[in-house]
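See structure below.
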Amino acid sequence: MKLKFWMRNKIFWALIFTLGLALVCIEGAGSSQASSDRDPVVAGQRAAHWVMSRNWFYNDPINLIIGPADSYYQTVCARYGVLIFADATGNKNLLLKVQQAYQPFLTGKRHPNTGHVDLNVFGIVPFELYRQTSDSRYLPLAKMLADDEFKGSRADGLSDYTRFWVDDMYMVGSLQVQAYKSLKDPVYLDRAAVQLLAYIDKLQQPNGLFYHTPGTPFFWARGNGWASAAMTEWLLSADDAHPKKAEIFKAYKKMMDALIELQDENGLWHQLLDEPESYIESSGSGMFIFALATGVRKGWLPDQPFRSALEKAWNALSEYLDAEGRVQDVCVGTAALPSKSYYMTRPSKSGDMHGQAGFLWASTAIYLLEKEKSQ
């Protein structure tokens, strides 16, 4: 009996030891996986491959209205994200994938539509393709889209498609900045400056945040994300002698200061930035990380408290990327309505290209920041 008891006892403790060892191994593997997921190159590649596995019209409801010749803005912004990520990390395979996807537009088999900021922003992709390849065949379509925004019908010098939605700061501002970077004509940078300052004057509030529109007094996360990214892109391209740089930088810095004050304990930002009861929203959070990380890297923002806020934000955002490369908890496309409950109850989804864009911009900026720190 004693022998049997001893044997059972020995087997019991052997099982306990084996189980404990297994748990340690699992925990270690989990920690390794978390560390890997936080690597901006690993995470960015996963997000990029998801983007490139979808066609130009993924999540594109407007195709039902204007036909399949168009490529809508969220996929455009995500593929632009793939391009800047590929450029930063030296990933020629991703560059090739975007070139291949763009080929029907290069050969004339497809044509992007014009006549709205969400359509013309398509031009940022061929401009970036030109910048990375020096292939001048990308320029005519891109230049046409940039010039179409400013045909000159407005007496105030703003884009013909001005509507004072905060989203437009990126749709117009980024396209004009990309035109300046590729064509080296200062008229494009000046157009972007005039457009951004008009929107800053109309939409930025004393707390540094932006209303969605003058008639919708809510601090919607992705709307503010578009604004932060647009100002960041412009500041990256303008030299210190530009007469509008101080004004745009003032608006940018005021916004960055406001953002770190509203950062949630988990590291990200809410669907309505000043409403902690609203859900954590990933696309706007990614855009904020892009703006903040670029500011720290370029010395526009002090290292602290911004670097600590960034580390917390990136660690949190990386957890929103699933195994397939889809960003989770992305607010779907959102109109401008004078209803707080409308913004509070907007659905969220995984794999929406708004979120893929913000994630890729963020991973690129974090990679460049970490690369500079290590040098």
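Identifiers for the structure tokens are assigned positionally: chains receive A, B, ... in sequence, residues are indexed from 1 per chain, and ligands are indexed from 1 in the order shown.
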Can you tell me which residues surround A:Ser318 at a distance of at most 10 Å, considering only C-alpha atoms, apart from same-chain residues fewer than 6 positions away, and format the answer as a PyMOL selection string?
chain A and resi 34-40+43-44+282+286+327+359+362-363
When you look at A:Glu372 with a cut-off of 12 Å (counting only C-alpha atoms), what residues show up, excluding the ones that are within fewer than 2 positions of it in the same chain? I need them as a PyMOL selection string.
chain A and resi 88+293-294+296-299+365-370+374-375
Show me, as a ChimeraX atom specification, the residues that have an atom within 12 Å of A:Asn93 when counting only C-alpha atoms, minus same-chain residues fewer than 6 positions from it.
/A:45,48-49,52,82-83,85-87,99-100
Can those selected residues be exported to a file as a PDB file, in the first residue's frame so that it contains N, CA and C atoms?
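After the write, result-v7.pdb holds the following:
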```pdb
ATOM      1  N   GLN A  45       4.845  44.770 -41.950  1.00  0.00           N
ATOM      2  CA  GLN A  45       4.785  43.820 -43.054  1.00  0.00           C
ATOM      3  C   GLN A  45       3.469  43.057 -43.043  1.00  0.00           C
ATOM      4  N   ALA A  48       0.758  45.352 -44.200  1.00  0.00           N
ATOM      5  CA  ALA A  48       0.923  45.653 -45.627  1.00  0.00           C
ATOM      6  C   ALA A  48       0.458  44.490 -46.492  1.00  0.00           C
ATOM      7  N   HIS A  49       0.777  43.273 -46.094  1.00  0.00           N
ATOM      8  CA  HIS A  49       0.373  42.115 -46.892  1.00  0.00           C
ATOM      9  C   HIS A  49      -1.151  41.968 -46.917  1.00  0.00           C
ATOM     10  N   MET A  52      -2.334  44.503 -49.544  1.00  0.00           N
ATOM     11  CA  MET A  52      -2.046  44.110 -50.914  1.00  0.00           C
ATOM     12  C   MET A  52      -2.776  42.834 -51.328  1.00  0.00           C
ATOM     13  N   VAL A  82       1.646  51.497 -47.535  1.00  0.00           N
ATOM     14  CA  VAL A  82       2.531  50.397 -47.935  1.00  0.00           C
ATOM     15  C   VAL A  82       3.795  50.948 -48.588  1.00  0.00           C
ATOM     16  N   LEU A  83       3.625  51.965 -49.425  1.00  0.00           N
ATOM     17  CA  LEU A  83       4.766  52.532 -50.139  1.00  0.00           C
ATOM     18  C   LEU A  83       5.757  53.219 -49.199  1.00  0.00           C
ATOM     19  N   PHE A  85       6.134  52.679 -46.050  1.00  0.00           N
ATOM     20  CA  PHE A  85       6.715  51.641 -45.205  1.00  0.00           C
ATOM     21  C   PHE A  85       7.798  50.889 -45.979  1.00  0.00           C
ATOM     22  N   ALA A  86       7.507  50.555 -47.237  1.00  0.00           N
ATOM     23  CA  ALA A  86       8.480  49.854 -48.074  1.00  0.00           C
ATOM     24  C   ALA A  86       9.733  50.696 -48.264  1.00  0.00           C
ATOM     25  N   ASP A  87       9.547  51.984 -48.472  1.00  0.00           N
ATOM     26  CA  ASP A  87      10.692  52.879 -48.681  1.00  0.00           C
ATOM     27  C   ASP A  87      11.550  52.963 -47.422  1.00  0.00           C
ATOM     28  N   GLN A  99       3.374  48.552 -57.518  1.00  0.00           N
ATOM     29  CA  GLN A  99       3.562  48.837 -58.941  1.00  0.00           C
ATOM     30  C   GLN A  99       2.685  47.926 -59.795  1.00  0.00           C
ATOM     31  N   GLN A 100       2.640  46.662 -59.449  1.00  0.00           N
ATOM     32  CA  GLN A 100       1.825  45.714 -60.211  1.00  0.00           C
ATOM     33  C   GLN A 100       0.343  46.037 -60.086  1.00  0.00           C
TER      34      GLN A 100
END
```
Using 9 Å as the limit and counting only C-alpha atoms, can you tabulate each residue of stretch 66-144 of chain A that touches stretch 155-175 of chain A, with its shortest atom-to-atom distance in Å and the two atoms involved, as CSV?
```
residue,atom,partner,partner_atom,distance
A:Tyr73,CA,A:Met171,CA,8.2
A:Gly115,CA,A:Tyr161,CA,7.3
A:His116,CA,A:Tyr161,CA,6.0
A:Val117,CA,A:Met171,CA,5.5
A:Asp118,CA,A:Met171,CA,6.3
A:Leu119,CA,A:Met171,CA,8.6
A:Asn120,CA,A:Met171,CA,7.6
A:Val121,CA,A:Met171,CA,5.3
A:Phe122,CA,A:Leu175,CA,8.2
A:Gly123,CA,A:Leu175,CA,6.4
A:Ile124,CA,A:Leu175,CA,5.4
A:Phe127,CA,A:Leu175,CA,8.5
A:Ala142,CA,A:Leu175,CA,8.7
```
Can you list every residue in stretch 104-250 of chain A that DSSP puts in strand (DSSP E or B), as a short mmCIF file (atom, residue, chain, number, x, y, z; two decimals) with N, CA and C atoms, in the first residue's frame?
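As a result, states.cif now contains:
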```cif
data_model
loop_
_atom_site.label_atom_id
_atom_site.label_comp_id
_atom_site.auth_asym_id
_atom_site.auth_seq_id
_atom_site.Cartn_x
_atom_site.Cartn_y
_atom_site.Cartn_z
N GLN A 204 -10.08 74.40 -35.89
CA GLN A 204 -9.31 74.12 -34.67
C GLN A 204 -9.85 74.96 -33.52
N PHE A 210 -9.75 69.55 -33.34
CA PHE A 210 -10.52 70.00 -34.49
C PHE A 210 -11.94 69.44 -34.46
N THR A 213 -16.75 69.29 -38.63
CA THR A 213 -17.13 70.39 -39.52
C THR A 213 -17.58 71.54 -38.62
N THR A 216 -20.67 70.43 -36.81
CA THR A 216 -20.62 69.20 -36.00
C THR A 216 -19.52 69.36 -34.95
N TRP A 220 -13.95 64.09 -33.26
CA TRP A 220 -13.91 62.73 -33.79
C TRP A 220 -12.46 62.32 -34.01
#
```
Contact residues around A:His212 with only C-alpha atoms at 12 Å, ignoring same-chain residues under 6 positions, as a ChimeraX atom specification:
/A:163-169,199-200,202-205,218-227,272-273,334-340,343
If you run DSSP on this backbone, which residues of stretch 212-358 of chain A come out as alpha helix (DSSP H), and could you give them as an NGL selection string?
:A and (221-237 or 245-262 or 282-298 or 303-318 or 340-344 or 353-358)
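Nearest residue to A:Ala230 among A:Ala179, A:Leu259, A:Asn207, A:Phe290 is A:Phe290, counting only C-alpha atoms.
Ranking A:Arg79, A:Tyr211, A:Ala357, A:Pro305 by their shortest atom-to-atom distance to A:Arg54, with only C-alpha atoms included, puts A:Arg79 first.
Rounded to one decimal, atom CA of A:Gln132 and atom CA of A:Trp361 lie 16.7 Å from each other.
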Residue among A:Tyr180, A:Tyr320, A:Trp234, A:Tyr342 lying closest to A:Asn266, counting only C-alpha atoms
A:Tyr320
d(atom CA of A:Asp240, atom CA of A:Ile260) in Å:
25.7 Å
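Relative to atom CA of A:Lys245, atom CA of A:Ala146 is found at 21.3 Å.
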